[in-house]
Structure formats: C-alpha cells, structure tokens
$ cat run_0.cif   # mmCIF, C-alpha atoms
data_target
loop_
_atom_site.group_PDB
_atom_site.id
_atom_site.type_symbol
_atom_site.label_atom_id
_atom_site.label_comp_id
_atom_site.auth_asym_id
_atom_site.auth_seq_id
_atom_site.Cartn_x
_atom_site.Cartn_y
_atom_site.Cartn_z
ATOM 1 C CA MET A 1 -1.811 -7.242 13.379
ATOM 2 C CA ASN A 2 0.914 -9.036 11.411
ATOM 3 C CA ARG A 3 -0.858 -12.340 12.073
ATOM 4 C CA LEU A 4 -4.113 -10.925 10.692
ATOM 5 C CA ASN A 5 -2.290 -9.660 7.609
ATOM 6 C CA GLU A 6 -0.823 -13.111 7.041
ATOM 7 C CA ILE A 7 -4.275 -14.703 7.308
ATOM 8 C CA ASP A 8 -5.737 -12.189 4.835
ATOM 9 C CA ALA A 9 -2.870 -12.835 2.387
ATOM 10 C CA THR A 10 -3.395 -16.599 2.654
ATOM 11 C CA ARG A 11 -7.118 -16.218 1.988
ATOM 12 C CA GLU A 12 -6.402 -14.019 -1.017
ATOM 13 C CA ASP A 13 -3.951 -16.643 -2.288
ATOM 14 C CA GLU A 14 -6.621 -19.321 -1.955
ATOM 15 C CA ALA A 15 -9.274 -17.198 -3.680
ATOM 16 C CA ALA A 16 -6.898 -16.255 -6.488
ATOM 17 C CA ARG A 17 -5.940 -19.888 -6.999
ATOM 18 C CA ALA A 18 -9.612 -20.934 -7.101
ATOM 19 C CA GLY A 19 -10.330 -18.197 -9.641
ATOM 20 C CA TRP A 20 -7.393 -19.340 -11.765
ATOM 21 C CA LEU A 21 -8.571 -22.949 -11.751
ATOM 22 C CA TYR A 22 -12.125 -21.892 -12.657
ATOM 23 C CA TYR A 23 -11.484 -19.285 -15.363
ATOM 24 C CA VAL A 24 -8.202 -20.488 -16.837
ATOM 25 C CA GLY A 25 -8.247 -24.178 -16.016
ATOM 26 C CA GLY A 26 -11.916 -24.608 -16.898
ATOM 27 C CA MET A 27 -12.536 -26.710 -13.789
ATOM 28 C CA THR A 28 -15.927 -27.205 -12.182
ATOM 29 C CA GLN A 29 -16.493 -26.169 -8.576
ATOM 30 C CA ASP A 30 -16.450 -29.847 -7.549
ATOM 31 C CA GLN A 31 -13.069 -30.278 -9.223
ATOM 32 C CA ILE A 32 -11.736 -27.109 -7.577
ATOM 33 C CA ALA A 33 -12.937 -28.345 -4.192
ATOM 34 C CA ALA A 34 -11.068 -31.621 -4.709
ATOM 35 C CA GLU A 35 -7.916 -29.853 -5.929
ATOM 36 C CA LEU A 36 -7.817 -27.417 -2.988
ATOM 37 C CA GLY A 37 -9.082 -29.887 -0.372
ATOM 38 C CA VAL A 38 -12.114 -27.793 0.596
ATOM 39 C CA SER A 39 -15.882 -28.234 0.469
ATOM 40 C CA ARG A 40 -17.857 -27.434 -2.668
ATOM 41 C CA GLN A 41 -19.528 -24.524 -0.855
ATOM 42 C CA ARG A 42 -16.157 -23.051 0.091
ATOM 43 C CA ALA A 43 -14.906 -23.486 -3.473
ATOM 44 C CA GLN A 44 -17.959 -21.564 -4.689
ATOM 45 C CA ARG A 45 -17.307 -18.758 -2.178
ATOM 46 C CA LEU A 46 -13.629 -18.582 -3.175
ATOM 47 C CA VAL A 47 -14.470 -18.206 -6.876
ATOM 48 C CA SER A 48 -17.047 -15.517 -6.036
ATOM 49 C CA ARG A 49 -14.508 -13.644 -3.910
ATOM 50 C CA ALA A 50 -11.914 -13.801 -6.672
ATOM 51 C CA VAL A 51 -14.364 -12.003 -8.972
ATOM 52 C CA SER A 52 -15.859 -9.527 -6.479
ATOM 53 C CA GLU A 53 -12.464 -8.366 -5.210
ATOM 54 C CA GLY A 54 -10.989 -7.997 -8.676
ATOM 55 C CA LEU A 55 -8.498 -10.817 -8.255
ATOM 56 C CA VAL A 56 -9.653 -12.347 -11.538
ATOM 57 C CA ARG A 57 -10.101 -10.554 -14.824
ATOM 58 C CA VAL A 58 -9.674 -13.692 -16.908
ATOM 59 C CA ARG A 59 -6.080 -13.296 -15.735
ATOM 60 C CA ILE A 60 -5.109 -13.299 -12.072
ATOM 61 C CA ALA A 61 -4.419 -9.798 -10.737
ATOM 62 C CA HIS A 62 -3.259 -11.088 -7.358
ATOM 63 C CA LYS A 63 0.217 -12.626 -7.397
ATOM 64 C CA ILE A 64 0.184 -15.847 -5.413
ATOM 65 C CA SER A 65 2.986 -15.814 -2.863
ATOM 66 C CA ALA A 66 4.160 -19.357 -3.632
ATOM 67 C CA CYS A 67 4.634 -18.363 -7.265
ATOM 68 C CA LEU A 68 6.549 -15.227 -6.277
ATOM 69 C CA GLU A 69 8.890 -17.301 -4.115
ATOM 70 C CA LEU A 70 9.545 -19.693 -6.983
ATOM 71 C CA GLU A 71 10.202 -16.780 -9.331
ATOM 72 C CA ALA A 72 12.816 -15.414 -6.940
ATOM 73 C CA ALA A 73 14.440 -18.845 -6.563
ATOM 74 C CA LEU A 74 14.648 -19.363 -10.329
ATOM 75 C CA ARG A 75 16.012 -15.867 -10.873
ATOM 76 C CA ARG A 76 18.793 -16.463 -8.350
ATOM 77 C CA ARG A 77 19.672 -19.973 -9.467
ATOM 78 C CA PHE A 78 19.847 -19.310 -13.204
ATOM 79 C CA ASP A 79 20.582 -15.547 -13.240
ATOM 80 C CA LEU A 80 17.465 -14.777 -15.262
ATOM 81 C CA GLN A 81 16.250 -11.407 -16.527
ATOM 82 C CA THR A 82 12.551 -12.338 -16.619
ATOM 83 C CA VAL A 83 10.690 -15.019 -14.640
ATOM 84 C CA ARG A 84 6.960 -15.636 -14.359
ATOM 85 C CA VAL A 85 5.456 -18.640 -12.585
ATOM 86 C CA ALA A 86 1.789 -19.457 -13.108
ATOM 87 C CA PRO A 87 -0.351 -21.382 -10.628
ATOM 88 C CA SER A 88 -0.527 -25.052 -11.530
ATOM 89 C CA LEU A 89 -3.781 -26.347 -13.004
ATOM 90 C CA GLY A 90 -3.367 -29.592 -11.072
ATOM 91 C CA GLU A 91 -2.992 -33.158 -12.231
ATOM 92 C CA GLY A 92 -4.153 -33.552 -15.799
ATOM 93 C CA GLY A 93 -4.259 -29.783 -16.398
ATOM 94 C CA ASP A 94 -2.975 -28.287 -19.639
ATOM 95 C CA ALA A 95 0.398 -26.677 -18.886
ATOM 96 C CA ALA A 96 0.261 -24.554 -22.051
ATOM 97 C CA ARG A 97 -3.073 -23.133 -20.924
ATOM 98 C CA ALA A 98 -1.630 -22.336 -17.495
ATOM 99 C CA THR A 99 1.334 -20.342 -18.825
ATOM 100 C CA ALA A 100 -0.488 -18.580 -21.671
ATOM 101 C CA PRO A 101 -1.997 -15.629 -19.719
ATOM 102 C CA LEU A 102 1.288 -14.764 -17.982
ATOM 103 C CA ALA A 103 3.271 -15.140 -21.192
ATOM 104 C CA ALA A 104 0.783 -12.842 -22.920
ATOM 105 C CA THR A 105 1.313 -10.113 -20.312
ATOM 106 C CA VAL A 106 5.080 -10.277 -20.900
ATOM 107 C CA LEU A 107 4.518 -9.953 -24.646
ATOM 108 C CA GLU A 108 2.014 -7.124 -24.192
ATOM 109 C CA ARG A 109 4.624 -5.032 -22.364
ATOM 110 C CA ILE A 110 6.857 -5.340 -25.424
ATOM 111 C CA LEU A 111 3.991 -4.489 -27.775
ATOM 112 C CA ALA A 112 3.273 -1.365 -25.708
ATOM 113 C CA ARG A 113 6.711 0.115 -26.348
ATOM 114 C CA PRO A 114 6.470 3.280 -28.450
ATOM 115 C CA GLU A 115 9.727 2.630 -30.303
ATOM 116 C CA PRO A 116 9.715 0.027 -33.120
ATOM 117 C CA GLN A 117 10.699 -3.450 -31.960
ATOM 118 C CA VAL A 118 11.776 -6.633 -33.708
ATOM 119 C CA LEU A 119 10.118 -9.628 -32.042
ATOM 120 C CA ALA A 120 11.345 -13.132 -32.902
ATOM 121 C CA PHE A 121 9.214 -16.232 -32.332
ATOM 122 C CA GLY A 122 9.652 -19.958 -32.296
ATOM 123 C CA THR A 123 6.691 -22.260 -32.593
ATOM 124 C CA GLY A 124 4.695 -24.825 -30.609
ATOM 125 C CA ARG A 125 1.609 -25.203 -28.426
ATOM 126 C CA SER A 126 2.747 -22.924 -25.598
ATOM 127 C CA LEU A 127 3.477 -19.992 -27.889
ATOM 128 C CA SER A 128 0.299 -20.581 -29.868
ATOM 129 C CA ALA A 129 -1.700 -20.488 -26.611
ATOM 130 C CA MET A 130 0.093 -17.273 -25.639
ATOM 131 C CA VAL A 131 -0.990 -15.588 -28.874
ATOM 132 C CA GLU A 132 -4.626 -16.467 -28.173
ATOM 133 C CA GLU A 133 -4.400 -14.635 -24.819
ATOM 134 C CA VAL A 134 -2.922 -11.379 -26.150
ATOM 135 C CA MET A 135 -5.382 -8.506 -25.716
ATOM 136 C CA GLN A 136 -3.152 -5.395 -25.857
ATOM 137 C CA PRO A 137 -2.940 -3.862 -29.365
ATOM 138 C CA PRO A 138 0.562 -2.874 -30.461
ATOM 139 C CA ALA A 139 1.659 0.732 -29.930
ATOM 140 C CA ASN A 140 3.731 0.668 -33.106
ATOM 141 C CA ALA A 141 4.126 -1.352 -36.289
ATOM 142 C CA HIS A 142 6.640 -3.695 -34.694
ATOM 143 C CA LYS A 143 8.160 -6.369 -36.912
ATOM 144 C CA ILE A 144 7.726 -10.041 -36.077
ATOM 145 C CA VAL A 145 10.068 -12.673 -37.462
ATOM 146 C CA SER A 146 10.030 -16.461 -37.428
ATOM 147 C CA LEU A 147 13.065 -18.466 -36.318
ATOM 148 C CA ILE A 148 12.252 -21.781 -37.977
ATOM 149 C CA GLY A 149 10.647 -23.070 -41.135
ATOM 150 C CA ASN A 150 7.051 -24.217 -41.052
ATOM 151 C CA ILE A 151 6.833 -26.691 -43.930
ATOM 152 C CA ALA A 152 6.697 -30.420 -43.202
ATOM 153 C CA PRO A 153 8.214 -33.055 -45.549
ATOM 154 C CA ASP A 154 4.765 -33.677 -47.087
ATOM 155 C CA GLY A 155 4.347 -29.965 -47.877
ATOM 156 C CA SER A 156 1.858 -29.220 -45.102
ATOM 157 C CA ALA A 157 2.203 -26.309 -42.681
ATOM 158 C CA SER A 158 2.350 -26.679 -38.909
ATOM 159 C CA PHE A 159 -0.887 -26.182 -36.985
ATOM 160 C CA TYR A 160 1.059 -24.219 -34.351
ATOM 161 C CA ASP A 161 2.410 -21.517 -36.664
ATOM 162 C CA VAL A 162 2.845 -18.649 -34.206
ATOM 163 C CA ILE A 163 4.012 -15.895 -36.518
ATOM 164 C CA MET A 164 1.030 -16.156 -38.882
ATOM 165 C CA ARG A 165 -1.416 -16.166 -35.952
ATOM 166 C CA MET A 166 0.295 -13.158 -34.424
ATOM 167 C CA ALA A 167 0.360 -11.244 -37.685
ATOM 168 C CA ASP A 168 -3.307 -11.993 -38.331
ATOM 169 C CA LYS A 169 -4.389 -10.962 -34.830
ATOM 170 C CA LEU A 170 -2.319 -7.783 -34.475
ATOM 171 C CA ARG A 171 -1.879 -6.768 -38.122
ATOM 172 C CA LEU A 172 1.881 -6.501 -37.807
ATOM 173 C CA PRO A 173 4.499 -6.799 -40.568
ATOM 174 C CA HIS A 174 5.798 -10.352 -40.439
ATOM 175 C CA TYR A 175 8.754 -12.206 -41.854
ATOM 176 C CA PRO A 176 8.377 -16.000 -42.097
ATOM 177 C CA MET A 177 11.365 -18.320 -42.402
ATOM 178 C CA MET A 178 10.575 -19.591 -45.889
ATOM 179 C CA VAL A 179 12.397 -22.904 -45.693
ATOM 180 C CA PRO A 180 11.334 -26.477 -44.882
ATOM 181 C CA VAL A 181 11.700 -27.521 -41.253
ATOM 182 C CA ILE A 182 14.021 -30.252 -42.532
ATOM 183 C CA SER A 183 15.579 -30.722 -45.955
ATOM 184 C CA GLU A 184 16.431 -33.975 -47.714
ATOM 185 C CA THR A 185 20.148 -33.274 -47.548
ATOM 186 C CA ALA A 186 22.581 -30.854 -45.913
ATOM 187 C CA GLU A 187 23.390 -29.514 -49.380
ATOM 188 C CA GLU A 188 19.711 -28.731 -50.020
ATOM 189 C CA ARG A 189 19.479 -26.933 -46.692
ATOM 190 C CA ALA A 190 22.618 -24.896 -47.560
ATOM 191 C CA MET A 191 20.982 -23.952 -50.868
ATOM 192 C CA PHE A 192 17.995 -22.495 -49.013
ATOM 193 C CA ASP A 193 20.352 -20.562 -46.734
ATOM 194 C CA ARG A 194 21.931 -18.874 -49.749
ATOM 195 C CA LEU A 195 18.617 -17.416 -50.930
ATOM 196 C CA LYS A 196 18.476 -13.646 -50.386
ATOM 197 C CA PRO A 197 15.001 -13.618 -48.755
ATOM 198 C CA VAL A 198 16.135 -16.282 -46.270
ATOM 199 C CA GLN A 199 19.330 -14.355 -45.519
ATOM 200 C CA ALA A 200 17.253 -11.202 -44.934
ATOM 201 C CA VAL A 201 15.051 -12.995 -42.400
ATOM 202 C CA GLN A 202 18.104 -14.516 -40.690
ATOM 203 C CA LYS A 203 19.638 -11.029 -40.398
ATOM 204 C CA LEU A 204 16.410 -9.627 -38.957
ATOM 205 C CA ALA A 205 16.275 -12.482 -36.431
ATOM 206 C CA GLN A 206 19.808 -11.658 -35.338
ATOM 207 C CA SER A 207 18.722 -8.094 -34.531
ATOM 208 C CA ALA A 208 15.661 -9.121 -32.491
ATOM 209 C CA ASP A 209 14.942 -6.953 -29.450
ATOM 210 C CA VAL A 210 13.217 -9.883 -27.737
ATOM 211 C CA THR A 211 12.760 -13.570 -28.545
ATOM 212 C CA PHE A 212 10.005 -15.947 -27.425
ATOM 213 C CA LEU A 213 10.638 -19.685 -27.680
ATOM 214 C CA GLY A 214 8.878 -22.923 -26.935
ATOM 215 C CA VAL A 215 11.083 -25.642 -25.426
ATOM 216 C CA GLY A 216 10.954 -29.123 -26.907
ATOM 217 C CA GLN A 217 11.854 -32.252 -24.943
ATOM 218 C CA MET A 218 13.943 -35.014 -26.545
ATOM 219 C CA GLY A 219 12.375 -38.109 -25.002
ATOM 220 C CA ASP A 220 10.317 -40.512 -27.071
ATOM 221 C CA ASP A 221 7.617 -37.816 -27.194
ATOM 222 C CA ALA A 222 9.998 -35.291 -28.790
ATOM 223 C CA PRO A 223 8.053 -32.834 -30.986
ATOM 224 C CA LEU A 224 10.609 -33.203 -33.804
ATOM 225 C CA TYR A 225 9.847 -36.932 -33.879
ATOM 226 C CA LYS A 226 6.105 -36.848 -33.109
ATOM 227 C CA ASP A 227 5.488 -34.263 -35.823
ATOM 228 C CA GLY A 228 7.299 -36.396 -38.398
ATOM 229 C CA PHE A 229 10.378 -34.261 -38.999
ATOM 230 C CA ILE A 230 12.923 -36.883 -37.903
ATOM 231 C CA THR A 231 12.810 -40.680 -37.823
ATOM 232 C CA LEU A 232 13.007 -42.880 -34.746
ATOM 233 C CA ALA A 233 16.549 -43.870 -35.750
ATOM 234 C CA GLU A 234 17.546 -40.196 -35.955
ATOM 235 C CA LEU A 235 15.941 -39.522 -32.572
ATOM 236 C CA ARG A 236 17.890 -42.394 -31.043
ATOM 237 C CA GLU A 237 21.108 -41.026 -32.541
ATOM 238 C CA LEU A 238 20.437 -37.636 -30.948
ATOM 239 C CA GLN A 239 19.621 -39.265 -27.609
ATOM 240 C CA ARG A 240 22.884 -41.236 -27.689
ATOM 241 C CA ALA A 241 24.697 -37.945 -28.308
ATOM 242 C CA GLY A 242 23.208 -36.605 -25.052
ATOM 243 C CA ALA A 243 20.269 -34.578 -26.393
ATOM 244 C CA VAL A 244 17.801 -33.400 -23.722
ATOM 245 C CA GLY A 245 16.088 -30.432 -25.374
ATOM 246 C CA GLU A 246 15.427 -28.436 -28.505
ATOM 247 C CA LEU A 247 14.891 -24.753 -29.284
ATOM 248 C CA VAL A 248 13.564 -24.030 -32.792
ATOM 249 C CA GLY A 249 15.350 -27.092 -34.133
ATOM 250 C CA SER A 250 18.643 -26.516 -32.297
ATOM 251 C CA VAL A 251 19.205 -29.611 -30.146
ATOM 252 C CA TYR A 252 21.336 -29.422 -26.996
ATOM 253 C CA ASP A 253 22.556 -31.526 -24.079
ATOM 254 C CA ALA A 254 22.140 -31.186 -20.293
ATOM 255 C CA GLN A 255 24.768 -28.435 -20.201
ATOM 256 C CA GLY A 256 23.094 -26.461 -22.961
ATOM 257 C CA GLN A 257 25.772 -27.336 -25.513
ATOM 258 C CA LEU A 258 24.517 -27.870 -29.059
ATOM 259 C CA VAL A 259 24.489 -31.481 -30.235
ATOM 260 C CA HIS A 260 25.878 -32.126 -33.715
ATOM 261 C CA THR A 261 24.698 -35.115 -35.732
ATOM 262 C CA PRO A 262 24.068 -35.387 -39.495
ATOM 263 C CA VAL A 263 20.341 -34.678 -39.110
ATOM 264 C CA MET A 264 21.091 -31.294 -37.511
ATOM 265 C CA GLU A 265 22.707 -30.118 -40.749
ATOM 266 C CA ARG A 266 19.373 -30.578 -42.523
ATOM 267 C CA ILE A 267 17.150 -28.507 -40.203
ATOM 268 C CA GLY A 268 16.226 -25.059 -41.522
ATOM 269 C CA ASN A 269 16.283 -22.659 -38.600
ATOM 270 C CA TYR A 270 18.014 -19.724 -36.945
ATOM 271 C CA ARG A 271 20.892 -21.144 -34.903
ATOM 272 C CA MET A 272 20.429 -20.071 -31.290
ATOM 273 C CA ALA A 273 23.488 -18.549 -29.617
ATOM 274 C CA ALA A 274 24.187 -18.683 -25.886
ATOM 275 C CA LYS A 275 24.504 -15.666 -23.569
ATOM 276 C CA ARG A 276 22.514 -13.277 -25.706
ATOM 277 C CA ALA A 277 22.168 -9.852 -24.038
ATOM 278 C CA GLU A 278 18.637 -9.219 -25.332
ATOM 279 C CA PRO A 279 15.719 -11.097 -23.695
ATOM 280 C CA VAL A 280 15.329 -14.700 -24.864
ATOM 281 C CA ILE A 281 12.265 -16.020 -23.049
ATOM 282 C CA GLY A 282 11.229 -19.655 -22.952
ATOM 283 C CA ILE A 283 7.523 -20.450 -22.564
ATOM 284 C CA ALA A 284 7.326 -24.015 -21.301
ATOM 285 C CA ALA A 285 5.902 -26.169 -18.520
ATOM 286 C CA GLY A 286 5.367 -29.809 -17.725
ATOM 287 C CA ILE A 287 7.376 -32.489 -15.952
ATOM 288 C CA THR A 288 8.467 -34.072 -19.257
ATOM 289 C CA LYS A 289 10.107 -30.753 -20.163
ATOM 290 C CA VAL A 290 12.091 -30.216 -16.953
ATOM 291 C CA ALA A 291 15.381 -31.633 -18.264
ATOM 292 C CA ALA A 292 15.027 -29.642 -21.492
ATOM 293 C CA ILE A 293 14.279 -26.390 -19.670
ATOM 294 C CA ARG A 294 17.101 -26.936 -17.164
ATOM 295 C CA GLY A 295 19.587 -27.595 -19.979
ATOM 296 C CA ALA A 296 18.588 -24.413 -21.817
ATOM 297 C CA LEU A 297 18.893 -22.350 -18.625
ATOM 298 C CA THR A 298 22.204 -23.955 -17.616
ATOM 299 C CA GLY A 299 23.725 -23.247 -21.022
ATOM 300 C CA LYS A 300 22.399 -19.659 -21.072
ATOM 301 C CA LEU A 301 20.407 -20.346 -24.236
ATOM 302 C CA LEU A 302 17.509 -18.709 -22.386
ATOM 303 C CA ASN A 303 17.680 -15.727 -20.022
ATOM 304 C CA GLY A 304 13.960 -15.645 -19.270
ATOM 305 C CA LEU A 305 11.259 -18.188 -18.463
ATOM 306 C CA VAL A 306 7.481 -18.424 -18.115
ATOM 307 C CA THR A 307 6.439 -21.723 -16.528
ATOM 308 C CA ASP A 308 4.094 -23.191 -13.917
ATOM 309 C CA GLU A 309 4.480 -24.034 -10.230
ATOM 310 C CA GLU A 310 5.125 -27.747 -10.588
ATOM 311 C CA THR A 311 7.809 -27.245 -13.229
ATOM 312 C CA ALA A 312 9.401 -24.358 -11.339
ATOM 313 C CA ARG A 313 9.598 -26.401 -8.162
ATOM 314 C CA SER A 314 11.378 -29.233 -10.031
ATOM 315 C CA LEU A 315 13.823 -26.757 -11.576
ATOM 316 C CA THR A 316 14.785 -25.326 -8.195
ATOM 317 C CA GLN A 317 15.612 -28.741 -6.764
ATOM 318 C CA GLU A 318 19.201 -29.987 -6.822
ATOM 319 C CA THR A 319 20.015 -32.637 -9.446
#

$ encode --input "run_0.cif" --output "structure tokens"
Amino acid sequence: MNRLNEIDATREDEAARAGWLYYVGGMTQDQIAAELGVSRQRAQRLVSRAVSEGLVRVRIAHKISACLELEAALRRRFDLQTVRVAPSLGEGGDAARATAPLAATVLERILARPEPQVLAFGTGRSLSAMVEEVMQPPANAHKIVSLIGNIAPDGSASFYDVIMRMADKLRLPHYPMMVPVISETAEERAMFDRLKPVQAVQKLAQSADVTFLGVGQMGDDAPLYKDGFITLAELRELQRAGAVGELVGSVYDAQGQLVHTPVMERIGNYRMAAKRAEPVIGIAAGITKVAAIRGALTGKLLNGLVTDEETARSLTQET
C-alpha cells in the first residue's frame, strides 16, 4: 500500500509540474514533453490531469515534494521564518514569472489580516510580477510604503514601480519615497532626508509589519548599473570592496555586511537593518542571483525567501 501511495504521489508531482509549465511557464506541450522527458501524448495527459484533479487553478494547488524538501533545507540552513520554492520553468524560463504566483499567495495572507498592516516594498521585476498575480482583495485599508526612490537621473520613473502598481490594483493608501534613486552629491541626498515628508515615510517604513524585497546582483549585469544609476567605474569600486548583492540600494558583501563607498552616500533609500524580528521576505531567483541571495540570508538581512528550485538547490549546497 505504501508503494502505491508513493507512485500516486509521484504521478501527482509530474502532473502538477506539467500544469505549472503550461499555465505559468507558457510552454507548449512539445516543450513540456522535452522538459520532462516524456512523449507529447503523455505531456498532454499530464496537463489534462492537472486541470481535472484541481491541481492547477492558474496556481499549483499540489505542493511538489521536491520543492517541499528544498523549503525545509533552506529553513534549517538559514533559520528562515518563511520559505516558498516554486517549480523551475526550465532552461530559458523566466524566474520572475516562476516565483510570482507563490509570492502573491504570501502577500495575500497578509492582505487578508483584519487588523491594519503596514507593508513595505522594494522594487524590481520579481516584485512587479508578484503584484500582477495578486487576486485577493485586502481585508482592511492597509498602508503600503516604498523603501527606495523611483526617479532616475534623467527625471524618468522606473518601469518596475511596485508601490504605484499595488496601490492602483488594490486601492490602498500608499506612501512613496519621494527622493531620487541617486543624488548628485551626498550633501544633496542629506538635504532630501531632512524633508518632513521623507522623514515621515522613513518612520513608516521602520514600523512595517512585513517587508517584500527584490534582490539585486552586483555582477556586470547589476540592476543599479544596467538601469543607469551608477557608472561602470562606481560598479567596479563596489566590486573591489566585496559587493555581491543589493537590497533597495543597500549594497552588501558575501557575509551580508553593508559595503561603504562614496556612491552609497548618494543613494536615497531606507537603510536595511539586519536581524529584524518582523518578516523581511526576498523574492528572487536565478543563478546569477545566488551569491546575492546567499549573502543576504547569511547576514540576516532577509528572514524569508520565495525562489525557484534551481536557485534553492544552489543555495543549499556548501560553498
């Protein structure tokens, strides 16, 4: 009987994974067949089973055992409060798209709380994708607050502005960080910090009941550099100082210790503190982000994580 139960669980895993690849990953049945190593006919049957048995409702209802094992391993290794691991979308899949449904369910549980909450948000593709997946309306007029400015040096706003998307979708009171992402000088940045509206938002961010953050890598594809906020010379200076990752403009090394260079004094953000008691959940996946995620977890800058299988597996391996 136990053997039969194991076989049924394995088949459910396979059907759930096929459903995830089809409905979330946007793969064709031929692509799913290649990814799972099965025939096209079997791939078609697996997708049909995922729907007929209620394993897929745009999101996966069945928790794939491999993902559960990785969640447990990450929780033990990094002493995390919250861990969710999404099935991988395979080679070439969009990691932000993979994590978005699971991240949205974590956020929806917070939105369902009857007591007023303060929710703080970073920015980036993963968080923006999460917002698109949110379906649960808020139970209260929770406040949402931004942790970093959204204005580029040329005056334009970021395409991945999470707080405005969230406010528009859920009609919640929102508090943007009304400062440039980076100022011309440290003195200019200090001037913004002295403004009463900015101080009010900083104070609200400090009182956040839960925080959701994207995790930026600090390789040559670093978001701070690619989006034009810092120069290549400034990126190299940060790399020489040991930078591996970035959370809302706070750059840190492999141990999660903040890196201090002149450019850091010009970034307008909420300075992230380590070992926060309230949930601070990173939403990030992708091999290029492994070092950044590991550094944030090692330094206790994050106490929660939503990621995908491939990334989770790399994080659980010894370095």

$ resolve_selection --input "run_0.cif" --expression "the PyMOL selection byres ((chain A and resi 97-109) around 7)" --output "list in words"
Val24, Arg59, Arg84, Ala86, Ser88, Leu89, Asp94, Ala95, Ala96, Ile110, Leu111, Ala112, Arg113, Ser126, Ala129, Met130, Val131, Glu133, Val134, Gln136, Ile283, Val306, Thr307 and Asp308 of chain A

$ closest_residue --input "run_0.cif" --among "A:Met264, A:Met27, A:Leu232, A:Leu258" --to "Leu301 of chain A" --atoms "only C-alpha atoms"
A:Leu258

$ residues_near_point --input "run_0.cif" --point "(17.5, -24.3, -18.5)" --cutoff "10 Å" --atoms "all atoms listed in the file" --output "VMD selection string"
chain A and resid 74 78 215 245 254 to 256 282 289 to 305 315

$ closest_residue --input "run_0.cif" --among "A:Ile64, A:Leu80, A:Ala208, A:Val201" --to "Gln117 of chain A" --atoms "all atoms listed in the file"
A:Ala208

$ resolve_selection --input "run_0.cif" --expression "the PyMOL selection byres ((chain A and resi 180) around 9)" --output "NGL selection string"
:A and (148-153 or 155 or 177-179 or 181-183 or 189 or 192 or 267-269)

$ write_last_selection --input "run_0.cif" --atoms "C-alpha atoms" --output "mmCIF file, in the frame of the given file"
data_model
loop_
_atom_site.group_PDB
_atom_site.id
_atom_site.type_symbol
_atom_site.label_atom_id
_atom_site.label_comp_id
_atom_site.auth_asym_id
_atom_site.auth_seq_id
_atom_site.Cartn_x
_atom_site.Cartn_y
_atom_site.Cartn_z
ATOM 1 C CA ILE A 148 12.252 -21.781 -37.977
ATOM 2 C CA GLY A 149 10.647 -23.070 -41.135
ATOM 3 C CA ASN A 150 7.051 -24.217 -41.052
ATOM 4 C CA ILE A 151 6.833 -26.691 -43.930
ATOM 5 C CA ALA A 152 6.697 -30.420 -43.202
ATOM 6 C CA PRO A 153 8.214 -33.055 -45.549
ATOM 7 C CA GLY A 155 4.347 -29.965 -47.877
ATOM 8 C CA MET A 177 11.365 -18.320 -42.402
ATOM 9 C CA MET A 178 10.575 -19.591 -45.889
ATOM 10 C CA VAL A 179 12.397 -22.904 -45.693
ATOM 11 C CA VAL A 181 11.700 -27.521 -41.253
ATOM 12 C CA ILE A 182 14.021 -30.252 -42.532
ATOM 13 C CA SER A 183 15.579 -30.722 -45.955
ATOM 14 C CA ARG A 189 19.479 -26.933 -46.692
ATOM 15 C CA PHE A 192 17.995 -22.495 -49.013
ATOM 16 C CA ILE A 267 17.150 -28.507 -40.203
ATOM 17 C CA GLY A 268 16.226 -25.059 -41.522
ATOM 18 C CA ASN A 269 16.283 -22.659 -38.600
#

$ residues_around --input "run_0.cif" --residues "Gln239 of chain A" --least-positions-apart "4" --cutoff "8 Å" --atoms "all atoms listed in the file" --output "number ranges by chain"
A: 218-219, 235, 243-244

$ atom_distance --input "run_0.cif" --atom1 "atom CA of Val85 of chain A" --atom2 "atom CA of His174 of chain A"
29.1 Å

$ residues_around --input "run_0.cif" --residues "Ser48 of chain A" --least-positions-apart "6" --cutoff "12 Å" --atoms "all atoms listed in the file" --output "list in words"
Glu12, Glu14, Ala15, Ala16, Arg17, Ala18, Gly19, Trp20, Tyr22, Tyr23, Gln29, Gln41, Arg42, Gly54, Leu55 and Val56 of chain A

$ residues_around --input "run_0.cif" --residues "Ala190 of chain A" --least-positions-apart "4" --cutoff "9 Å" --atoms "only C-alpha atoms" --output "CSV table (one decimal) with C-alpha atoms, keeping the file's coordinate frame"
chain,number,residue,atom,x,y,z
A,185,THR,CA,20.1,-33.3,-47.5
A,186,ALA,CA,22.6,-30.9,-45.9
A,194,ARG,CA,21.9,-18.9,-49.7
A,265,GLU,CA,22.7,-30.1,-40.7
A,266,ARG,CA,19.4,-30.6,-42.5
A,268,GLY,CA,16.2,-25.1,-41.5
